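Note: the block below is entry08.csv and it holds CSV, C-alpha atoms.
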```csv
chain,number,residue,atom,x,y,z
A,1,MET,CA,0.0,0.0,0.0
A,2,SER,CA,1.4,3.4,-1.0
A,3,ASN,CA,2.3,6.0,1.6
A,4,ASP,CA,-0.1,8.4,-0.1
A,5,VAL,CA,-3.1,6.1,0.7
A,6,MET,CA,-4.7,7.5,3.8
A,7,ILE,CA,-7.9,5.4,3.9
A,8,TYR,CA,-7.8,1.8,2.7
A,9,ALA,CA,-10.6,-0.8,2.6
A,10,SER,CA,-10.1,-4.3,1.2
A,11,ASP,CA,-13.1,-6.8,1.1
A,12,LEU,CA,-14.6,-4.9,4.0
A,13,SER,CA,-17.8,-6.6,5.3
A,14,LYS,CA,-20.2,-6.2,8.1
A,15,THR,CA,-23.2,-8.3,9.0
A,16,PHE,CA,-25.9,-7.7,11.6
A,17,GLY,CA,-27.5,-11.1,12.2
A,18,SER,CA,-28.6,-12.3,8.8
A,19,PHE,CA,-28.5,-8.8,7.3
A,20,ARG,CA,-25.3,-8.0,5.3
A,21,ALA,CA,-24.8,-4.2,5.6
A,22,LEU,CA,-21.4,-4.3,3.8
A,23,ASP,CA,-20.4,-6.9,1.2
A,24,LYS,CA,-16.7,-7.0,0.5
A,25,ILE,CA,-16.2,-3.3,-0.5
A,26,ASN,CA,-12.8,-2.1,-1.7
A,27,PHE,CA,-11.6,1.5,-2.1
A,28,GLU,CA,-8.7,3.9,-1.4
A,29,VAL,CA,-8.6,7.5,-0.5
A,30,LYS,CA,-5.3,9.3,-1.1
A,31,ARG,CA,-3.6,12.2,0.7
A,32,GLY,CA,-5.2,15.5,-0.1
A,33,GLU,CA,-8.4,14.1,-1.7
A,34,ILE,CA,-11.9,15.3,-0.8
A,35,VAL,CA,-14.1,12.3,-1.6
A,36,GLY,CA,-17.9,12.2,-1.5
A,37,PHE,CA,-19.3,9.0,-0.1
A,38,LEU,CA,-22.9,8.6,-1.5
A,39,GLY,CA,-25.7,6.2,-1.2
A,40,PRO,CA,-29.4,5.9,-0.3
A,41,ASN,CA,-30.5,5.2,3.3
A,42,GLY,CA,-29.6,1.7,4.4
A,43,ALA,CA,-26.9,1.4,1.7
A,44,GLY,CA,-24.0,1.0,4.2
A,45,LYS,CA,-22.6,4.6,4.4
A,46,SER,CA,-22.8,5.1,8.2
A,47,THR,CA,-21.7,1.5,8.8
A,48,THR,CA,-18.5,2.2,6.8
A,49,MET,CA,-17.9,5.5,8.6
A,50,ARG,CA,-18.3,3.8,12.0
A,51,ILE,CA,-15.8,1.1,11.1
A,52,LEU,CA,-13.3,3.6,9.9
A,53,THR,CA,-13.6,5.6,13.1
A,54,CYS,CA,-13.4,2.5,15.3
A,55,PHE,CA,-16.9,2.7,16.7
A,56,ILE,CA,-17.7,-0.8,15.5
A,57,SER,CA,-15.5,-3.6,14.2
A,58,PRO,CA,-15.9,-5.2,10.7
A,59,THR,CA,-17.1,-8.8,10.3
A,60,GLY,CA,-14.5,-9.5,7.6
A,61,GLY,CA,-11.9,-7.8,5.5
A,62,THR,CA,-9.3,-5.1,6.3
A,63,ALA,CA,-9.6,-1.3,6.9
A,64,ARG,CA,-6.6,0.9,7.5
A,65,VAL,CA,-6.5,4.6,8.3
A,66,ASN,CA,-3.2,6.5,8.0
A,67,GLY,CA,-1.5,3.0,7.7
A,68,HIS,CA,-3.0,1.7,11.0
A,69,ASP,CA,-5.4,-1.2,11.2
A,70,VAL,CA,-8.8,-0.2,12.6
A,71,PHE,CA,-9.0,-3.5,14.7
A,72,ASP,CA,-5.4,-4.0,15.7
A,73,ASP,CA,-4.3,-0.4,16.2
A,74,SER,CA,-7.5,1.5,16.9
A,75,LEU,CA,-5.9,4.1,19.2
A,76,ALA,CA,-3.5,5.2,16.5
A,77,VAL,CA,-6.4,5.4,14.0
A,78,ARG,CA,-8.4,7.7,16.4
A,79,GLU,CA,-5.3,9.9,16.9
A,80,SER,CA,-5.1,10.3,13.1
A,81,LEU,CA,-8.8,11.2,12.6
A,82,GLY,CA,-11.1,14.1,13.1
A,83,TYR,CA,-14.7,12.9,13.1
A,84,LEU,CA,-17.9,14.9,12.8
A,85,PRO,CA,-21.0,12.7,13.0
A,86,GLN,CA,-24.4,13.7,11.6
A,87,ARG,CA,-25.3,15.7,14.7
A,88,ALA,CA,-22.2,16.9,16.6
A,89,PRO,CA,-22.4,15.6,20.2
A,90,LEU,CA,-21.8,18.6,22.3
A,91,TYR,CA,-21.9,19.6,26.0
A,92,LEU,CA,-24.5,22.3,25.7
A,93,GLU,CA,-23.8,23.9,29.1
A,94,MET,CA,-20.2,24.7,28.1
A,95,SER,CA,-19.2,27.8,26.3
A,96,VAL,CA,-17.5,27.3,22.9
A,97,LEU,CA,-14.1,28.1,24.3
A,98,GLU,CA,-14.6,25.8,27.3
A,99,TYR,CA,-15.7,23.0,24.9
A,100,LEU,CA,-12.7,23.4,22.7
A,101,ARG,CA,-10.4,23.4,25.7
A,102,PHE,CA,-12.1,20.2,26.9
A,103,ALA,CA,-11.6,18.5,23.5
A,104,ALA,CA,-8.0,19.6,23.5
A,105,ASP,CA,-7.5,18.1,27.0
A,106,LEU,CA,-8.9,14.8,25.8
A,107,ARG,CA,-6.3,14.9,23.0
A,108,HIS,CA,-3.5,15.7,25.4
A,109,LEU,CA,-2.6,19.0,23.9
A,110,ASP,CA,-0.5,21.3,26.1
A,111,ALA,CA,-1.6,24.9,26.7
A,112,GLN,CA,0.7,26.4,24.1
A,113,THR,CA,-0.4,24.0,21.4
A,114,PHE,CA,-4.0,24.5,22.3
A,115,ARG,CA,-3.7,28.3,22.0
A,116,LYS,CA,-2.1,28.0,18.6
A,117,ARG,CA,-4.7,25.4,17.3
A,118,ALA,CA,-7.6,27.3,18.8
A,119,ARG,CA,-6.7,30.5,17.0
A,120,SER,CA,-6.5,28.5,13.7
A,121,VAL,CA,-9.8,26.6,14.1
A,122,VAL,CA,-11.7,29.6,15.4
A,123,GLU,CA,-10.7,31.5,12.3
A,124,VAL,CA,-11.3,28.7,9.8
A,125,CYS,CA,-14.7,27.8,11.4
A,126,GLY,CA,-15.9,31.4,11.9
A,127,LEU,CA,-16.4,31.1,15.7
A,128,ALA,CA,-14.8,34.4,16.9
A,129,GLN,CA,-18.2,36.0,17.6
A,130,VAL,CA,-19.5,33.2,19.8
A,131,LEU,CA,-16.4,32.0,21.8
A,132,GLY,CA,-17.9,33.1,25.1
A,133,LYS,CA,-21.5,31.9,24.4
A,134,GLU,CA,-22.9,28.7,25.8
A,135,ILE,CA,-23.4,26.1,23.1
A,136,ARG,CA,-27.1,25.7,24.0
A,137,HIS,CA,-27.8,29.2,22.7
A,138,LEU,CA,-26.2,28.7,19.3
A,139,SER,CA,-28.0,27.9,16.1
A,140,HIS,CA,-27.7,24.5,14.3
A,141,GLY,CA,-25.2,26.1,11.9
A,142,TYR,CA,-23.0,27.4,14.7
A,143,ARG,CA,-23.2,24.1,16.6
A,144,GLN,CA,-22.0,22.3,13.4
A,145,ARG,CA,-19.1,24.8,13.3
A,146,VAL,CA,-18.2,23.9,16.9
A,147,GLY,CA,-18.3,20.2,16.0
A,148,LEU,CA,-16.0,20.8,13.1
A,149,ALA,CA,-13.7,22.8,15.3
A,150,GLN,CA,-13.6,19.9,17.8
A,151,ALA,CA,-12.7,17.6,15.0
A,152,LEU,CA,-9.8,19.9,13.8
A,153,ILE,CA,-8.4,20.9,17.2
A,154,HIS,CA,-5.6,18.3,17.2
A,155,ASP,CA,-4.7,19.0,13.5
A,156,PRO,CA,-5.6,15.5,12.2
A,157,PRO,CA,-4.4,14.5,8.7
A,158,ILE,CA,-7.8,12.9,8.0
A,159,LEU,CA,-11.4,14.2,8.4
A,160,VAL,CA,-14.5,11.9,8.3
A,161,LEU,CA,-17.7,13.9,8.1
A,162,ASP,CA,-21.1,12.1,8.2
A,163,GLU,CA,-24.0,14.1,6.9
A,164,PRO,CA,-22.5,17.4,8.3
A,165,THR,CA,-25.0,19.7,6.7
A,166,SER,CA,-28.3,17.8,7.3
A,167,ASP,CA,-29.7,20.3,9.8
A,168,LEU,CA,-28.4,23.5,8.1
A,169,ASP,CA,-30.3,26.1,6.1
A,170,PRO,CA,-29.1,27.0,2.6
A,171,ASN,CA,-26.9,29.9,3.8
A,172,GLU,CA,-25.3,27.8,6.5
A,173,LYS,CA,-24.7,24.9,4.1
A,174,ALA,CA,-22.9,27.3,1.7
A,175,GLU,CA,-20.7,28.6,4.5
A,176,PHE,CA,-19.9,25.1,5.7
A,177,LEU,CA,-18.9,24.0,2.2
A,178,ASP,CA,-16.6,27.1,2.0
A,179,TYR,CA,-15.0,26.0,5.3
A,180,LEU,CA,-14.7,22.4,3.9
A,181,LYS,CA,-12.8,23.7,0.8
A,182,GLN,CA,-10.4,25.6,3.0
A,183,ILE,CA,-9.5,22.8,5.3
A,184,GLY,CA,-9.5,20.2,2.5
A,185,LYS,CA,-6.5,21.9,0.9
A,186,GLU,CA,-4.3,20.4,3.6
A,187,ARG,CA,-6.1,17.2,4.6
A,188,THR,CA,-7.8,14.1,3.3
A,189,VAL,CA,-11.6,14.4,3.7
A,190,MET,CA,-14.3,11.8,3.4
A,191,LEU,CA,-17.7,13.3,3.2
A,192,SER,CA,-20.9,11.3,3.5
A,193,THR,CA,-24.0,13.1,2.3
A,194,HIS,CA,-27.3,12.7,0.5
A,195,ASN,CA,-26.9,16.1,-1.1
A,196,LEU,CA,-25.4,15.6,-4.5
A,197,ALA,CA,-25.0,19.4,-5.1
A,198,GLU,CA,-22.7,19.4,-2.1
A,199,VAL,CA,-20.5,16.7,-3.6
A,200,GLU,CA,-20.4,18.6,-7.0
A,201,ALA,CA,-19.4,21.8,-5.2
A,202,SER,CA,-16.7,20.4,-2.9
A,203,CYS,CA,-15.5,17.0,-4.2
A,204,ALA,CA,-13.4,16.0,-7.2
A,205,ARG,CA,-14.2,12.3,-6.7
A,206,ALA,CA,-17.2,10.2,-5.5
A,207,ILE,CA,-17.8,6.7,-4.2
A,208,ILE,CA,-21.4,5.5,-4.6
A,209,ILE,CA,-22.5,2.5,-2.5
A,210,SER,CA,-25.7,0.6,-2.9
A,211,SER,CA,-27.0,-2.5,-1.0
A,212,GLY,CA,-23.6,-2.7,0.7
A,213,ARG,CA,-21.6,-2.8,-2.5
A,214,ILE,CA,-19.7,-0.1,-4.3
A,215,VAL,CA,-21.3,0.6,-7.7
A,216,ALA,CA,-19.2,3.6,-8.8
A,217,ASP,CA,-15.9,5.1,-7.8
A,218,GLY,CA,-13.9,7.8,-9.6
A,219,PRO,CA,-13.8,11.4,-10.7
A,220,LEU,CA,-17.2,13.0,-11.1
A,221,ASP,CA,-16.9,13.4,-14.8
A,222,GLU,CA,-16.2,9.7,-15.2
A,223,ILE,CA,-19.2,8.8,-13.0
A,224,ARG,CA,-21.5,11.1,-15.0
A,225,ALA,CA,-20.4,9.3,-18.2
A,226,LYS,CA,-21.4,5.9,-16.8
A,227,SER,CA,-24.7,5.9,-18.6
A,228,GLY,CA,-22.8,6.1,-21.9
A,229,ARG,CA,-25.3,8.5,-23.4
A,230,VAL,CA,-25.5,12.3,-23.9
A,231,ARG,CA,-28.7,14.4,-24.3
A,232,TYR,CA,-29.1,17.3,-26.7
A,233,VAL,CA,-31.9,19.9,-26.9
A,234,VAL,CA,-32.7,21.3,-30.3
A,235,SER,CA,-35.2,24.0,-31.0
A,236,ILE,CA,-36.2,25.1,-34.5
A,237,GLN,CA,-38.3,28.2,-35.3
A,238,GLU,CA,-41.9,27.3,-36.2
A,239,SER,CA,-43.3,30.8,-36.9
A,240,ALA,CA,-42.0,33.6,-39.1
A,241,GLY,CA,-42.8,36.0,-36.4
A,242,ASP,CA,-41.5,39.5,-37.2
A,243,GLY,CA,-39.9,38.5,-40.5
A,244,ALA,CA,-37.1,36.4,-39.0
A,245,TYR,CA,-36.9,34.2,-42.1
A,246,ARG,CA,-36.6,37.0,-44.6
A,247,GLY,CA,-37.3,34.8,-47.5
A,248,ARG,CA,-34.8,32.1,-46.6
A,249,GLY,CA,-37.2,29.2,-47.3
A,250,PRO,CA,-40.4,27.5,-46.3
A,251,LEU,CA,-41.4,27.2,-42.6
A,252,PRO,CA,-40.7,23.7,-41.4
A,253,LYS,CA,-43.5,21.4,-40.1
A,254,LYS,CA,-42.9,19.4,-36.9
A,255,SER,CA,-43.0,16.1,-38.7
A,256,GLU,CA,-40.4,17.4,-41.2
A,257,VAL,CA,-38.0,18.4,-38.4
A,258,GLU,CA,-38.6,15.2,-36.5
A,259,ASP,CA,-37.9,13.1,-39.6
A,260,ALA,CA,-34.7,15.0,-40.4
A,261,LEU,CA,-33.3,14.8,-36.9
A,262,GLY,CA,-34.1,11.1,-36.7
A,263,LYS,CA,-31.9,10.4,-39.7
A,264,VAL,CA,-28.8,12.0,-38.2
A,265,GLY,CA,-26.2,9.4,-37.7
A,266,GLY,CA,-25.6,8.4,-34.1
A,267,VAL,CA,-29.2,9.3,-32.8
A,268,LYS,CA,-30.4,6.6,-30.4
A,269,LYS,CA,-33.5,8.3,-29.2
A,270,LEU,CA,-35.7,11.3,-30.2
A,271,GLY,CA,-38.5,12.8,-28.3
A,272,GLU,CA,-40.6,16.0,-28.5
A,273,LEU,CA,-40.2,18.6,-25.7
A,274,PRO,CA,-42.8,21.1,-24.5
A,275,THR,CA,-42.1,24.7,-25.4
A,276,ASP,CA,-43.8,28.0,-24.7
A,277,ASP,CA,-42.2,29.6,-27.8
A,278,ARG,CA,-43.4,29.3,-31.4
A,279,ALA,CA,-40.9,26.5,-32.0
A,280,HIS,CA,-40.4,22.8,-32.6
A,281,ALA,CA,-38.3,21.5,-29.6
A,282,PHE,CA,-36.8,18.0,-29.5
A,283,GLU,CA,-34.6,15.9,-27.1
A,284,VAL,CA,-32.0,14.0,-29.0
A,285,VAL,CA,-30.0,11.2,-27.3
A,286,SER,CA,-26.7,9.7,-28.6
A,287,GLU,CA,-23.9,7.5,-27.4
A,288,GLN,CA,-21.3,9.2,-25.2
A,289,GLU,CA,-18.5,9.1,-27.7
A,290,VAL,CA,-20.5,10.8,-30.5
A,291,ASP,CA,-20.9,14.6,-30.6
A,292,LEU,CA,-24.0,15.4,-32.8
A,293,ARG,CA,-23.8,19.2,-32.7
A,294,PRO,CA,-21.8,19.7,-35.9
A,295,GLU,CA,-24.1,17.5,-37.9
A,296,ILE,CA,-27.3,19.0,-36.4
A,297,PHE,CA,-26.0,22.5,-37.2
A,298,ARG,CA,-25.2,21.6,-40.8
A,299,LEU,CA,-28.6,19.9,-41.2
A,300,VAL,CA,-30.4,23.0,-40.1
A,301,ALA,CA,-28.3,25.3,-42.2
A,302,ASP,CA,-28.8,23.2,-45.3
A,303,LYS,CA,-32.6,23.2,-44.8
A,304,GLY,CA,-32.6,27.0,-44.4
A,305,TRP,CA,-34.3,26.8,-41.0
A,306,VAL,CA,-33.7,29.1,-38.1
A,307,MET,CA,-32.2,27.4,-35.0
A,308,LEU,CA,-33.3,28.9,-31.7
A,309,GLU,CA,-31.4,26.6,-29.4
A,310,LEU,CA,-28.8,23.8,-29.5
A,311,HIS,CA,-27.0,22.6,-26.4
A,312,ARG,CA,-25.5,19.4,-25.1
A,313,ASP,CA,-26.3,18.2,-21.6
A,314,ALA,CA,-23.9,15.8,-19.8
A,315,GLN,CA,-25.6,13.3,-17.6
A,316,THR,CA,-26.1,14.8,-14.2
A,317,LEU,CA,-24.7,13.2,-11.1
A,318,GLU,CA,-28.3,12.9,-9.8
A,319,ASP,CA,-29.3,10.9,-12.9
A,320,VAL,CA,-26.4,8.5,-12.5
A,321,PHE,CA,-27.0,8.1,-8.8
A,322,ARG,CA,-30.6,7.2,-9.4
A,323,SER,CA,-29.8,4.7,-12.1
A,324,LEU,CA,-27.2,3.0,-9.9
A,325,THR,CA,-29.2,2.9,-6.7
A,326,ILE,CA,-32.9,2.7,-7.7
A,327,GLY,CA,-32.8,-1.1,-6.9
A,328,ASP,CA,-31.6,-0.3,-3.4
A,329,GLU,CA,-34.4,2.1,-2.8
A,330,ARG,CA,-37.0,-0.4,-4.1
A,331,ARG,CA,-35.5,-3.1,-1.9
A,332,ASN,CA,-35.8,-0.9,1.2
A,333,ARG,CA,-39.4,-0.1,0.5
A,334,ARG,CA,-40.2,-3.8,0.0
A,335,LEU,CA,-38.3,-5.1,3.1
A,336,GLY,CA,-38.9,-2.2,5.4
A,337,PRO,CA,-36.4,-0.9,8.0
A,338,GLN,CA,-33.1,-2.8,8.2
A,339,PRO,CA,-30.8,-3.4,11.2
A,340,GLU,CA,-28.3,-0.8,10.0
A,341,VAL,CA,-29.7,2.6,11.0
A,342,GLU,CA,-28.2,5.5,9.0
A,343,ASP,CA,-29.9,8.3,11.0
A,344,ASP,CA,-30.0,6.8,14.5
A,345,GLU,CA,-29.8,10.2,16.2
A,346,ASP,CA,-32.6,11.9,14.3
A,347,ASP,CA,-35.3,11.3,16.9
A,348,GLU,CA,-33.3,12.3,20.0
A,349,ASP,CA,-34.0,15.5,21.8
A,350,GLU,CA,-31.5,18.2,21.0
A,351,GLU,CA,-30.8,18.9,24.6
A,352,SER,CA,-29.9,15.3,25.3
A,353,ASP,CA,-26.8,15.5,23.1
A,354,GLY,CA,-24.8,17.0,25.9
A,355,ASP,CA,-26.1,14.8,28.6
A,356,ARG,CA,-24.6,11.5,27.3
A,357,PRO,CA,-21.3,10.6,29.0
A,358,GLY,CA,-18.4,10.9,26.5
A,359,ALA,CA,-20.6,12.8,24.0
A,360,ALA,CA,-17.9,15.4,23.4
A,361,GLY,CA,-16.3,13.9,20.3
A,362,GLY,CA,-16.9,10.3,21.2
A,363,ASP,CA,-13.7,9.1,19.6
A,364,ALA,CA,-11.7,11.5,21.7
A,365,ALA,CA,-13.4,10.4,24.9
A,366,GLU,CA,-12.6,6.8,24.1
A,367,VAL,CA,-9.0,7.7,23.5
A,368,ALA,CA,-8.7,9.2,26.9
A,369,ALA,CA,-10.4,6.1,28.5
A,370,LYS,CA,-7.9,3.8,26.7
A,371,ASP,CA,-5.0,5.8,27.9
A,372,GLN,CA,-6.2,5.6,31.5
A,373,ARG,CA,-6.6,1.8,31.2
A,374,SER,CA,-3.1,1.5,29.8
```

Can you turn what I pasted into structure tokens?
Amino acid sequence: MSNDVMIYASDLSKTFGSFRALDKINFEVKRGEIVGFLGPNGAGKSTTMRILTCFISPTGGTARVNGHDVFDDSLAVRESLGYLPQRAPLYLEMSVLEYLRFAADLRHLDAQTFRKRARSVVEVCGLAQVLGKEIRHLSHGYRQRVGLAQALIHDPPILVLDEPTSDLDPNEKAEFLDYLKQIGKERTVMLSTHNLAEVEASCARAIIISSGRIVADGPLDEIRAKSGRVRYVVSIQESAGDGAYRGRGPLPKKSEVEDALGKVGGVKKLGELPTDDRAHAFEVVSEQEVDLRPEIFRLVADKGWVMLELHRDAQTLEDVFRSLTIGDERRNRRLGPQPEVEDDEDDEDEESDGDRPGAAGGDAAEVAAKDQRS
């Protein structure tokens, strides 16, 4: 395994009774990558995250983080990680500064190192205005910022973020993604989310998991091309309007346009599109490797028609995601809730987050407990 590989999974599996949540998945995340980890509910995302952060152990296979095995060397794994679960577990009665100092103490940071790291994370996470406030009085957005600051306080080389923007409004999400881009310049980041727009805005690569198996892994452009098809929108003027034709030729009928487009080489599918304009609009689908725009343009020019629109649409990430995972969604609807719960904290009272022992960055608390036992 290369020294640049920060997260490594080989034949990673996890079963809960008779239910197989993960089925021999394989992937690598290299130094400096921001990778989106995608999948529908029940696909195995949170199970993978919990294995990588040492909250649960795998049933089979191997997982390494920063070169350390999650089963044999879990303490070193935790020291290499910053982890932000879906809802940051916080002690609500603490002020922001008190909580960051507490998290730093769990990580065994001395006072000088804490002051240096605190200045950095407060600036990156935008917490300067709320340092003295109790966490209970902060909005969801600011609480997530505090959770991110906790994950960064020990300057880890790897960040694992599980649905970090699920409770944020659009403005807070945009700000959080800006923070993510800043911190991702120096770290390896694995981001689990349902929001495909967030992945497109912040990640260069995505891993899509469905029914416990990886169904796509690669740069976003390669994943978008997985369907092997490209869509074009063609709009031809139907009415002369205010003399736009200027005697160039007869106005085309819809059937004439449809017949001509259907004869273009490489066309796999042709369909009419609704339009509010006085125009004939069609959707043309071709294979990925064929660009039909030059031939469509020449056809329209030769016919003397007026083209109002011609553009090429690459397959969206959402389209590919749905095509790869639709079977997973149907399976979940048929079978009902599965033992692997993706959003197991959704129904908890917000105030209870701070009342659970070890809630302040659970991985950090367990590190301290292990140190005491040793």

- Task: May I have the residues within 10 Å of Leu324 of chain A as a list in words, using all atoms listed in the file and disregarding those fewer than 5 positions away in the same chain?
- Result: Gly39, Ile208, Ile209, Ser210, Ile214, Val215, Ala216, Lys226, Ser227, Glu318 and Asp319 of chain A

Would you export the selected residues with C-alpha atoms as a JSON list (two decimals), keeping the file's coordinate frame, please?
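The result, written out as again_28.json:
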```json
[["chain", "number", "residue", "atom", "x", "y", "z"],
["A", 39, "GLY", "CA", -25.70, 6.20, -1.20],
["A", 208, "ILE", "CA", -21.40, 5.50, -4.60],
["A", 209, "ILE", "CA", -22.50, 2.50, -2.50],
["A", 210, "SER", "CA", -25.70, 0.60, -2.90],
["A", 214, "ILE", "CA", -19.70, -0.10, -4.30],
["A", 215, "VAL", "CA", -21.30, 0.60, -7.70],
["A", 216, "ALA", "CA", -19.20, 3.60, -8.80],
["A", 226, "LYS", "CA", -21.40, 5.90, -16.80],
["A", 227, "SER", "CA", -24.70, 5.90, -18.60],
["A", 318, "GLU", "CA", -28.30, 12.90, -9.80],
["A", 319, "ASP", "CA", -29.30, 10.90, -12.90]]
```

- Item | Residue contacts of segment 149-165 of chain A (6 Å, all atoms listed in the file) excluding same-chain residues fewer than 2 positions away, as a ChimeraX atom specification | /A:80-86,117,121,146-147,167-168,173,187-193

For those residues, write C-alpha atoms to a file as a short mmCIF file (atom, residue, chain, number, x, y, z; two decimals), keeping the file's coordinate frame.
```cif
data_model
loop_
_atom_site.label_atom_id
_atom_site.label_comp_id
_atom_site.auth_asym_id
_atom_site.auth_seq_id
_atom_site.Cartn_x
_atom_site.Cartn_y
_atom_site.Cartn_z
CA SER A 80 -5.10 10.30 13.10
CA LEU A 81 -8.80 11.20 12.60
CA GLY A 82 -11.10 14.10 13.10
CA TYR A 83 -14.70 12.90 13.10
CA LEU A 84 -17.90 14.90 12.80
CA PRO A 85 -21.00 12.70 13.00
CA GLN A 86 -24.40 13.70 11.60
CA ARG A 117 -4.70 25.40 17.30
CA VAL A 121 -9.80 26.60 14.10
CA VAL A 146 -18.20 23.90 16.90
CA GLY A 147 -18.30 20.20 16.00
CA ASP A 167 -29.70 20.30 9.80
CA LEU A 168 -28.40 23.50 8.10
CA LYS A 173 -24.70 24.90 4.10
CA ARG A 187 -6.10 17.20 4.60
CA THR A 188 -7.80 14.10 3.30
CA VAL A 189 -11.60 14.40 3.70
CA MET A 190 -14.30 11.80 3.40
CA LEU A 191 -17.70 13.30 3.20
CA SER A 192 -20.90 11.30 3.50
CA THR A 193 -24.00 13.10 2.30
#
```

- Leaving out segment 304-316 of chain A and any residue of its chain fewer than 2 positions from it, which residues lie within 7 Å of it when counting all atoms listed in the file, given as a ChimeraX atom specification? /A:224-225,230-237,248-249,300-302,318-320

Would you save the residues of that selection, restricted to C-alpha atoms, as a PDB file, in the coordinates of the input?
```
ATOM      1  CA  ARG A 224     -21.500  11.100 -15.000  1.00  0.00           C
ATOM      2  CA  ALA A 225     -20.400   9.300 -18.200  1.00  0.00           C
ATOM      3  CA  VAL A 230     -25.500  12.300 -23.900  1.00  0.00           C
ATOM      4  CA  ARG A 231     -28.700  14.400 -24.300  1.00  0.00           C
ATOM      5  CA  TYR A 232     -29.100  17.300 -26.700  1.00  0.00           C
ATOM      6  CA  VAL A 233     -31.900  19.900 -26.900  1.00  0.00           C
ATOM      7  CA  VAL A 234     -32.700  21.300 -30.300  1.00  0.00           C
ATOM      8  CA  SER A 235     -35.200  24.000 -31.000  1.00  0.00           C
ATOM      9  CA  ILE A 236     -36.200  25.100 -34.500  1.00  0.00           C
ATOM     10  CA  GLN A 237     -38.300  28.200 -35.300  1.00  0.00           C
ATOM     11  CA  ARG A 248     -34.800  32.100 -46.600  1.00  0.00           C
ATOM     12  CA  GLY A 249     -37.200  29.200 -47.300  1.00  0.00           C
ATOM     13  CA  VAL A 300     -30.400  23.000 -40.100  1.00  0.00           C
ATOM     14  CA  ALA A 301     -28.300  25.300 -42.200  1.00  0.00           C
ATOM     15  CA  ASP A 302     -28.800  23.200 -45.300  1.00  0.00           C
ATOM     16  CA  GLU A 318     -28.300  12.900  -9.800  1.00  0.00           C
ATOM     17  CA  ASP A 319     -29.300  10.900 -12.900  1.00  0.00           C
ATOM     18  CA  VAL A 320     -26.400   8.500 -12.500  1.00  0.00           C
TER      19      VAL A 320
END
```

- Separation of atom CA of Val290 of chain A and atom CA of Lys303 of chain A, in Å?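 Computed distance, atom CA of Val290 of chain A to atom CA of Lys303 of chain A, equals 22.5 Å.
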
- Task: Mind giving me the straight-line distance from atom CA of Gly32 of chain A to atom CA of Val65 of chain A in Å, one decimal?
- Result: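 Separation between atom CA of Gly32 of chain A and atom CA of Val65 of chain A: 13.8 Å.
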
- Message: Just the number, please: distance in Å from atom CA of Glu295 of chain A to atom CA of Gly265 of chain A, one decimal.
- Response: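 Distance reported for this atom pair: 8.4 Å.
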
Do you have, as a Markdown table, the list of residues of segment 52-159 of chain A lying at most 12 Å from segment 5-13 of chain A, each with its nearest atom pair and that distance in Å to one decimal, counting only C-alpha atoms and ordered by chain then number?
```
| residue | atom | partner | partner_atom | distance |
| --- | --- | --- | --- | --- |
| A:Leu52 | CA | A:Ile7 | CA | 8.3 |
| A:Thr53 | CA | A:Ile7 | CA | 10.8 |
| A:Ile56 | CA | A:Ser13 | CA | 11.7 |
| A:Ser57 | CA | A:Ser13 | CA | 9.7 |
| A:Pro58 | CA | A:Ser13 | CA | 5.9 |
| A:Thr59 | CA | A:Ser13 | CA | 5.5 |
| A:Gly60 | CA | A:Ser13 | CA | 5.0 |
| A:Gly61 | CA | A:Leu12 | CA | 4.2 |
| A:Thr62 | CA | A:Ser10 | CA | 5.2 |
| A:Ala63 | CA | A:Ala9 | CA | 4.4 |
| A:Arg64 | CA | A:Tyr8 | CA | 5.0 |
| A:Val65 | CA | A:Ile7 | CA | 4.7 |
| A:Asn66 | CA | A:Met6 | CA | 4.6 |
| A:Gly67 | CA | A:Met6 | CA | 6.8 |
| A:His68 | CA | A:Ile7 | CA | 9.4 |
| A:Asp69 | CA | A:Tyr8 | CA | 9.3 |
| A:Val70 | CA | A:Tyr8 | CA | 10.1 |
| A:Val77 | CA | A:Ile7 | CA | 10.2 |
| A:Ser80 | CA | A:Met6 | CA | 9.7 |
| A:Leu81 | CA | A:Met6 | CA | 10.4 |
| A:Pro156 | CA | A:Met6 | CA | 11.6 |
| A:Pro157 | CA | A:Met6 | CA | 8.5 |
| A:Ile158 | CA | A:Met6 | CA | 7.5 |
| A:Leu159 | CA | A:Ile7 | CA | 10.5 |
```

- Message: Under the rule that all atoms listed in the file are counted, which of A:Tyr91, A:Tyr142, A:Lys253, A:Glu33 is the nearest residue to Ala204 of chain A?
- Response: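 Under the stated criterion, the closest residue is A:Glu33.
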
- A:Glu289, A:Asp217, A:Glu283, A:Asp259: which is nearest Arg229 of chain A, counting all atoms listed in the file?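 Selected residue with least distance to Arg229 of chain A: A:Glu289.
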
- Restricting the calculation to all atoms listed in the file, which member of A:Ser211, A:Thr113, A:Ser255, A:Gln182 is positioned closest to Lys14 of chain A? A:Ser211

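Considering the residues A:Val29, A:Leu148, A:Leu317, A:Ile34 and counting only C-alpha atoms, His194 of chain A has its shortest atom-to-atom contact with A:Leu317.
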